[in-house]
Amino acid sequence: MTIDVARSIPEIRNIVAKAKQDGQTVGLVPTMGGLHAGHISLIEHAGSLCDHVVVSVFVNPTQFNRKEDFENYPGNEAEDLKVLSGTCTNSVFAPSATEVYPEGFATSVTVSTGDKILCDAHRPGHFDGVATVVTKLFLQTGADIACFGEKDYQQLFIVKRLVADLNIPLRIEPVPTVRETDGLALSSRNARLTPEERLLAPRLHRALEQVADAVRGGEAASLAIAKAQTWLESDNRFDVEYLEMRSGKTLEILERHDEQDEPRVFIAANLGKVRLIDNIGV
Ligand code: PAF
């Protein structure tokens, strides 16, 4: 299948308008490139729900609070287009930074979800950058649905909030995390792990499982977390930013397991130069 590549907002609007004139529903999968099987599952999910799938590929500078992270973000458009050609993608929106943020751009979307928690506490401005760019992508494409991975659960939570608050006529579709066979959640950042770090990286998921098993068995979250964090940091390779159990519905901190709260365990940790995040439902 040939994939149309739109570089400008009028181009992507035309493509979507034509699809809609033909009575098609449109699904958006926002990405920053570096495509892997996790993205493909988002695309397949969009394809199972919609007639026309738009994949956006844009490394959004405003969501990086560390310049080094932005500069090292793995991106290769030719490679991404090759990956997409084997999927149900119908069109790609790959704008330049100036198309998205022209001179004089002065608007920022902030979702005020209360206290700074999880990644919001450690990456100042990150979610404003995400909220701003996804709002633009939703308005630029006019898609009917947009798919987001549960791996970035806080992002999914914030995006759902902004769509509801701004009455954007689009449905957010959560898609489960895709994992390697050893449990490591797929992420474009995994490509930056050294071979030795790659062998250690699945411990992140194991730490989540340790907490989940313990709290399911009745242990208090704070105790289970202290044990899992000590285990994870024991050989001084991981530096844990946070390890917490929170409600999947409200993101409020939880001390005891109660299914009604839809508990999830969340972690972010640095392994060498790579910051990894993950979460699981308990
Ligand atoms: O999850 C990502 O890859 C990015 O945060 C997103 C949603 C594409 C916005 O730049």
# chains A, B, ... in the order shown; residues from 1 in each chain; ligands from 1
>>> residues_around(residues="A:Val159", least_positions_apart="6", cutoff="9 Å", atoms="only C-alpha atoms", output="PyMOL selection string")
chain A and resi 111+130-131+134-135+148+172
>>> residues_around(residues="stretch 11-25 of chain A", least_positions_apart="5", cutoff="8 Å", atoms="only C-alpha atoms", output="PyMOL selection string")
chain A and resi 6+50-52+91+93+140-144
>>> write_last_selection(atoms="N, CA, C and O atoms", output="CSV table (one decimal), in the first residue's frame")
chain,number,residue,atom,x,y,z
A,6,ALA,N,2.5,13.6,4.5
A,6,ALA,CA,2.1,15.1,4.5
A,6,ALA,C,3.1,15.8,5.4
A,6,ALA,O,3.5,15.3,6.4
A,50,CYS,N,-10.7,1.9,12.9
A,50,CYS,CA,-10.9,3.0,11.9
A,50,CYS,C,-10.5,2.6,10.5
A,50,CYS,O,-9.8,1.6,10.3
A,51,ASP,N,-11.1,3.3,9.5
A,51,ASP,CA,-10.8,3.0,8.1
A,51,ASP,C,-9.5,3.5,7.6
A,51,ASP,O,-8.9,3.0,6.7
A,52,HIS,N,-9.1,4.7,8.2
A,52,HIS,CA,-7.9,5.4,7.7
A,52,HIS,C,-7.1,5.7,8.9
A,52,HIS,O,-7.5,6.3,9.9
A,91,SER,N,-1.7,7.2,6.0
A,91,SER,CA,-0.9,8.4,5.8
A,91,SER,C,-0.1,8.7,7.0
A,91,SER,O,-0.3,8.3,8.1
A,93,PHE,N,2.0,12.0,8.9
A,93,PHE,CA,2.1,13.4,9.1
A,93,PHE,C,3.5,13.6,9.7
A,93,PHE,O,3.7,13.2,10.9
A,140,GLN,N,-5.2,19.5,14.1
A,140,GLN,CA,-4.7,19.5,12.7
A,140,GLN,C,-5.2,18.4,11.9
A,140,GLN,O,-5.5,18.5,10.7
A,141,THR,N,-5.3,17.2,12.6
A,141,THR,CA,-5.8,16.0,11.8
A,141,THR,C,-7.3,15.9,11.8
A,141,THR,O,-7.8,15.3,10.9
A,142,GLY,N,-7.9,16.3,12.8
A,142,GLY,CA,-9.4,16.1,12.9
A,142,GLY,C,-9.7,14.6,13.0
A,142,GLY,O,-10.8,14.2,12.6
A,143,ALA,N,-8.8,13.8,13.6
A,143,ALA,CA,-9.1,12.4,13.7
A,143,ALA,C,-10.3,12.1,14.7
A,143,ALA,O,-10.6,12.9,15.5
A,144,ASP,N,-10.9,10.9,14.5
A,144,ASP,CA,-12.0,10.5,15.3
A,144,ASP,C,-11.5,9.8,16.6
A,144,ASP,O,-12.2,9.9,17.7
>>> closest_residue(among="A:Leu166, A:Ala207, A:Cys119, A:Ile145", to="A:Val54", atoms="only C-alpha atoms")
A:Ile145
>>> select_by_dssp(residues="stretch 151-236 of chain A", states="strand (DSSP E or B)", output="list in words")
Arg171, Ile172, Glu173, Pro174, Val175, Arg179 and Ala185 of chain A
>>> atom_distance(atom1="atom CA of A:Glu233", atom2="atom CA of A:Ile117")
21.4 Å
>>> residues_around(residues="A:Leu223", least_positions_apart="5", cutoff="12 Å", atoms="only C-alpha atoms", output="compact mmCIF listing (two decimals) with all heavy atoms, in the first residue's frame")
# COMPACT_ATOMS: atom_id res chain seq x y z
N GLN A 210 7.34 -7.63 41.91
CA GLN A 210 7.56 -7.92 43.34
C GLN A 210 6.58 -7.12 44.20
O GLN A 210 5.96 -7.64 45.12
CB GLN A 210 8.98 -7.54 43.76
CG GLN A 210 10.03 -8.55 43.34
CD GLN A 210 11.44 -8.08 43.70
OE1 GLN A 210 11.64 -7.25 44.57
NE2 GLN A 210 12.42 -8.63 43.02
N VAL A 211 6.44 -5.83 43.85
CA VAL A 211 5.53 -4.97 44.63
C VAL A 211 4.10 -5.47 44.44
O VAL A 211 3.34 -5.63 45.41
CB VAL A 211 5.65 -3.49 44.20
CG1 VAL A 211 4.63 -2.63 44.93
CG2 VAL A 211 7.06 -2.97 44.45
N ALA A 212 3.73 -5.75 43.18
CA ALA A 212 2.35 -6.18 42.90
C ALA A 212 2.02 -7.46 43.67
O ALA A 212 0.96 -7.55 44.30
CB ALA A 212 2.17 -6.38 41.39
N ALA A 214 3.40 -8.64 46.40
CA ALA A 214 3.37 -8.42 47.85
C ALA A 214 2.08 -7.69 48.27
O ALA A 214 1.44 -8.10 49.25
CB ALA A 214 4.60 -7.61 48.28
N VAL A 215 1.68 -6.67 47.53
CA VAL A 215 0.48 -5.93 47.97
C VAL A 215 -0.79 -6.75 47.75
O VAL A 215 -1.73 -6.67 48.54
CB VAL A 215 0.34 -4.53 47.31
CG1 VAL A 215 1.45 -3.59 47.73
CG2 VAL A 215 0.22 -4.60 45.81
N GLY A 218 -1.44 -8.72 50.66
CA GLY A 218 -1.85 -7.99 51.86
C GLY A 218 -0.78 -7.10 52.47
O GLY A 218 -1.03 -6.42 53.46
N ALA A 228 11.55 -3.77 47.29
CA ALA A 228 11.83 -3.89 45.85
C ALA A 228 12.89 -2.87 45.42
O ALA A 228 13.77 -3.17 44.61
CB ALA A 228 10.54 -3.70 45.06
N GLN A 229 12.81 -1.67 45.99
CA GLN A 229 13.78 -0.62 45.62
C GLN A 229 15.18 -1.00 46.10
O GLN A 229 16.16 -0.81 45.38
CB GLN A 229 13.33 0.73 46.18
CG GLN A 229 14.29 1.84 45.79
CD GLN A 229 13.70 3.22 45.93
OE1 GLN A 229 12.49 3.38 46.11
NE2 GLN A 229 14.54 4.24 45.84
N THR A 230 15.27 -1.54 47.33
CA THR A 230 16.57 -1.97 47.87
C THR A 230 17.16 -3.04 46.96
O THR A 230 18.33 -3.01 46.60
CB THR A 230 16.40 -2.51 49.30
OG1 THR A 230 15.78 -1.49 50.07
CG2 THR A 230 17.72 -2.89 49.93
N LEU A 243 9.05 4.89 42.80
CA LEU A 243 8.43 3.56 42.75
C LEU A 243 7.22 3.69 43.66
O LEU A 243 7.38 3.88 44.87
CB LEU A 243 9.41 2.48 43.22
CG LEU A 243 8.89 1.04 43.31
CD1 LEU A 243 8.26 0.57 42.01
CD2 LEU A 243 10.02 0.08 43.70
N GLU A 244 6.04 3.67 43.10
CA GLU A 244 4.84 4.00 43.88
C GLU A 244 3.65 3.18 43.43
O GLU A 244 3.57 2.81 42.25
CB GLU A 244 4.49 5.49 43.70
CG GLU A 244 5.53 6.42 44.27
CD GLU A 244 5.26 7.90 43.99
OE1 GLU A 244 4.37 8.22 43.18
OE2 GLU A 244 5.95 8.73 44.58
N MET A 245 2.71 2.97 44.34
CA MET A 245 1.43 2.38 43.93
C MET A 245 0.39 3.51 43.96
O MET A 245 0.26 4.22 44.96
CB MET A 245 1.01 1.24 44.85
CG MET A 245 -0.29 0.59 44.37
SD MET A 245 -0.63 -1.00 45.17
CE MET A 245 -1.30 -0.49 46.74
N GLU A 255 -1.87 2.91 49.73
CA GLU A 255 -1.04 2.14 50.66
C GLU A 255 -1.51 0.69 50.72
O GLU A 255 -0.72 -0.21 50.97
CB GLU A 255 -1.10 2.81 52.05
CG GLU A 255 -0.31 2.15 53.15
CD GLU A 255 1.22 2.08 52.93
OE1 GLU A 255 1.71 2.43 51.84
OE2 GLU A 255 1.91 1.62 53.86
N ARG A 256 -2.79 0.47 50.44
CA ARG A 256 -3.33 -0.89 50.51
C ARG A 256 -3.98 -1.26 49.18
O ARG A 256 -4.57 -0.41 48.52
CB ARG A 256 -4.41 -0.99 51.60
CG ARG A 256 -3.86 -0.81 52.98
CD ARG A 256 -3.27 -2.13 53.48
NE ARG A 256 -2.49 -1.91 54.70
CZ ARG A 256 -1.63 -2.78 55.20
NH1 ARG A 256 -1.42 -3.94 54.60
NH2 ARG A 256 -0.97 -2.52 56.30
>>> closest_residue(among="A:Asn72, A:Asn236, A:Thr132, A:Ser85", to="A:Ala106", atoms="only C-alpha atoms")
A:Thr132
>>> select_by_dssp(residues="stretch 137-266 of chain A", states="alpha helix (DSSP H)", output="PyMOL selection string")
chain A and resi 137-141+153-165+195-200+203-216+221-233
>>> residues_near_ligand(ligand="ligand 1", cutoff="9 Å", atoms="only C-alpha atoms and all ligand atoms", output="PyMOL selection string")
chain A and resi 29-33+39+56-63+126-127+129-134+137+148-149+151-152+155-156+159+188
>>> write_last_selection(atoms="N, CA, C and O atoms", output="CSV table (one decimal), in the first residue's frame")
chain,number,residue,atom,x,y,z
A,29,VAL,N,-2.3,7.9,15.3
A,29,VAL,CA,-1.3,7.4,16.3
A,29,VAL,C,-0.1,8.4,16.3
A,29,VAL,O,0.7,8.5,15.4
A,30,PRO,N,-0.1,9.2,17.4
A,30,PRO,CA,1.0,10.1,17.5
A,30,PRO,C,2.3,9.4,17.9
A,30,PRO,O,2.3,8.7,18.9
A,31,THR,N,3.4,9.7,17.2
A,31,THR,CA,4.7,9.1,17.6
A,31,THR,C,5.8,10.1,17.4
A,31,THR,O,5.6,11.2,16.8
A,32,MET,N,7.0,9.8,18.0
A,32,MET,CA,8.1,10.6,17.8
A,32,MET,C,9.2,9.8,17.0
A,32,MET,O,10.4,10.0,17.1
A,33,GLY,N,8.7,8.9,16.2
A,33,GLY,CA,9.6,8.0,15.4
A,33,GLY,C,10.3,7.0,16.2
A,33,GLY,O,9.8,6.7,17.3
A,39,HIS,N,4.8,0.6,18.9
A,39,HIS,CA,4.1,1.5,18.0
A,39,HIS,C,3.2,0.7,17.0
A,39,HIS,O,2.0,1.1,16.7
A,56,SER,N,1.5,10.2,13.1
A,56,SER,CA,2.3,11.4,13.0
A,56,SER,C,3.7,11.0,13.6
A,56,SER,O,3.9,10.2,14.5
A,57,VAL,N,4.7,11.6,12.9
A,57,VAL,CA,6.1,11.3,13.3
A,57,VAL,C,6.7,12.7,13.5
A,57,VAL,O,7.0,13.5,12.5
A,58,PHE,N,6.9,13.1,14.8
A,58,PHE,CA,7.4,14.4,15.1
A,58,PHE,C,8.1,14.4,16.4
A,58,PHE,O,7.5,14.1,17.4
A,59,VAL,N,9.4,14.6,16.4
A,59,VAL,CA,10.2,14.7,17.7
A,59,VAL,C,9.9,16.1,18.3
A,59,VAL,O,10.5,17.0,17.8
A,60,ASN,N,9.1,16.1,19.3
A,60,ASN,CA,8.6,17.4,19.8
A,60,ASN,C,9.6,18.0,20.7
A,60,ASN,O,9.7,17.5,21.9
A,61,PRO,N,10.2,19.1,20.3
A,61,PRO,CA,11.3,19.7,21.2
A,61,PRO,C,10.8,20.2,22.5
A,61,PRO,O,11.5,20.1,23.5
A,62,THR,N,9.5,20.6,22.6
A,62,THR,CA,9.0,21.3,23.8
A,62,THR,C,8.8,20.3,24.9
A,62,THR,O,8.5,20.7,26.1
A,63,GLN,N,8.8,19.0,24.7
A,63,GLN,CA,8.6,18.1,25.8
A,63,GLN,C,9.8,17.5,26.4
A,63,GLN,O,9.8,16.6,27.3
A,126,HIS,N,7.6,18.9,31.0
A,126,HIS,CA,7.4,17.8,30.0
A,126,HIS,C,5.9,17.7,29.5
A,126,HIS,O,5.6,17.7,28.3
A,127,PHE,N,5.0,17.6,30.5
A,127,PHE,CA,3.6,17.4,30.1
A,127,PHE,C,3.0,18.6,29.5
A,127,PHE,O,2.0,18.4,28.7
A,129,GLY,N,4.5,20.3,27.3
A,129,GLY,CA,5.0,20.1,25.9
A,129,GLY,C,4.2,19.0,25.2
A,129,GLY,O,3.7,19.2,24.1
A,130,VAL,N,3.9,17.9,25.9
A,130,VAL,CA,3.1,16.9,25.4
A,130,VAL,C,1.6,17.4,25.1
A,130,VAL,O,1.1,17.2,24.0
A,131,ALA,N,1.1,18.0,26.1
A,131,ALA,CA,-0.3,18.5,26.0
A,131,ALA,C,-0.5,19.5,24.8
A,131,ALA,O,-1.4,19.4,24.1
A,132,THR,N,0.5,20.3,24.7
A,132,THR,CA,0.4,21.3,23.6
A,132,THR,C,0.5,20.6,22.3
A,132,THR,O,-0.3,20.9,21.4
A,133,VAL,N,1.5,19.7,22.1
A,133,VAL,CA,1.6,19.1,20.8
A,133,VAL,C,0.5,18.2,20.4
A,133,VAL,O,0.0,18.2,19.3
A,134,VAL,N,0.0,17.4,21.4
A,134,VAL,CA,-1.1,16.5,21.0
A,134,VAL,C,-2.4,17.3,20.8
A,134,VAL,O,-3.2,16.9,19.9
A,137,LEU,N,-2.0,18.3,17.3
A,137,LEU,CA,-2.2,17.2,16.3
A,137,LEU,C,-3.6,16.8,16.2
A,137,LEU,O,-4.1,16.4,15.1
A,148,PHE,N,-3.1,5.7,22.4
A,148,PHE,CA,-1.9,6.0,23.3
A,148,PHE,C,-1.6,4.7,24.1
A,148,PHE,O,-2.5,4.0,24.6
A,149,GLY,N,-0.3,4.5,24.3
A,149,GLY,CA,0.1,3.3,25.0
A,149,GLY,C,0.0,3.5,26.5
A,149,GLY,O,0.2,4.5,27.1
A,151,LYS,N,2.0,2.3,28.5
A,151,LYS,CA,3.3,2.3,29.1
A,151,LYS,C,3.6,3.8,29.7
A,151,LYS,O,4.2,3.9,30.7
A,152,ASP,N,3.1,4.8,28.9
A,152,ASP,CA,3.2,6.2,29.4
A,152,ASP,C,1.8,6.5,30.0
A,152,ASP,O,1.0,7.2,29.5
A,155,GLN,N,0.9,10.1,30.8
A,155,GLN,CA,0.6,10.8,29.6
A,155,GLN,C,-0.8,10.5,29.1
A,155,GLN,O,-1.6,11.4,28.8
A,156,LEU,N,-1.2,9.2,29.2
A,156,LEU,CA,-2.5,8.8,28.8
A,156,LEU,C,-3.6,9.5,29.6
A,156,LEU,O,-4.6,10.0,29.1
A,159,VAL,N,-3.8,13.2,28.7
A,159,VAL,CA,-4.4,13.4,27.4
A,159,VAL,C,-5.9,13.2,27.5
A,159,VAL,O,-6.6,14.0,26.9
A,188,SER,N,11.6,3.4,22.6
A,188,SER,CA,12.6,3.8,21.6
A,188,SER,C,14.0,4.0,22.4
A,188,SER,O,15.0,3.9,21.8
>>> residues_around(residues="A:Leu204", least_positions_apart="6", cutoff="8 Å", atoms="only C-alpha atoms", output="ChimeraX atom specification")
/A:184,232,267,269,278
>>> atom_distance(atom1="atom CA of A:Asn76", atom2="atom CA of A:Thr194")
19.6 Å
>>> closest_atom_pairs(of="stretch 130-169 of chain A", to="stretch 247-250 of chain A", cutoff="10 Å", atoms="only C-alpha atoms", output="tab-separated table")
residue	atom	partner	partner_atom	distance
A:Tyr153	CA	A:Gly248	CA	8.4
A:Gln154	CA	A:Gly248	CA	9.2
A:Phe157	CA	A:Lys249	CA	8.5
>>> write_last_selection(atoms="C-alpha atoms", output="mmCIF file, in the first residue's frame")
data_model
loop_
_atom_site.group_PDB
_atom_site.id
_atom_site.type_symbol
_atom_site.label_atom_id
_atom_site.label_comp_id
_atom_site.auth_asym_id
_atom_site.auth_seq_id
_atom_site.Cartn_x
_atom_site.Cartn_y
_atom_site.Cartn_z
ATOM 1 C CA TYR A 153 0.204 5.897 31.762
ATOM 2 C CA GLN A 154 0.489 9.423 33.153
ATOM 3 C CA PHE A 157 -4.221 10.140 31.907
#
>>> residues_around(residues="A:Val178", least_positions_apart="3", cutoff="7 Å", atoms="only C-alpha atoms", output="list in words")
Gly38, Ala185 and Leu186 of chain A
>>> closest_residue(among="A:Asp213, A:Asp239, A:Glu259, A:Glu173", to="A:Leu49", atoms="only C-alpha atoms")
A:Glu173
>>> closest_residue(among="A:Val175, A:Leu193, A:Val100, A:Ala221", to="A:Arg275", atoms="only C-alpha atoms")
A:Leu193
>>> closest_residue(among="A:Asn65, A:Thr87, A:Ser8, A:Thr177", to="A:Ile280", atoms="only C-alpha atoms")
A:Thr177
>>> atom_distance(atom1="atom CA of A:Glu150", atom2="atom CA of A:Ala121")
19.2 Å
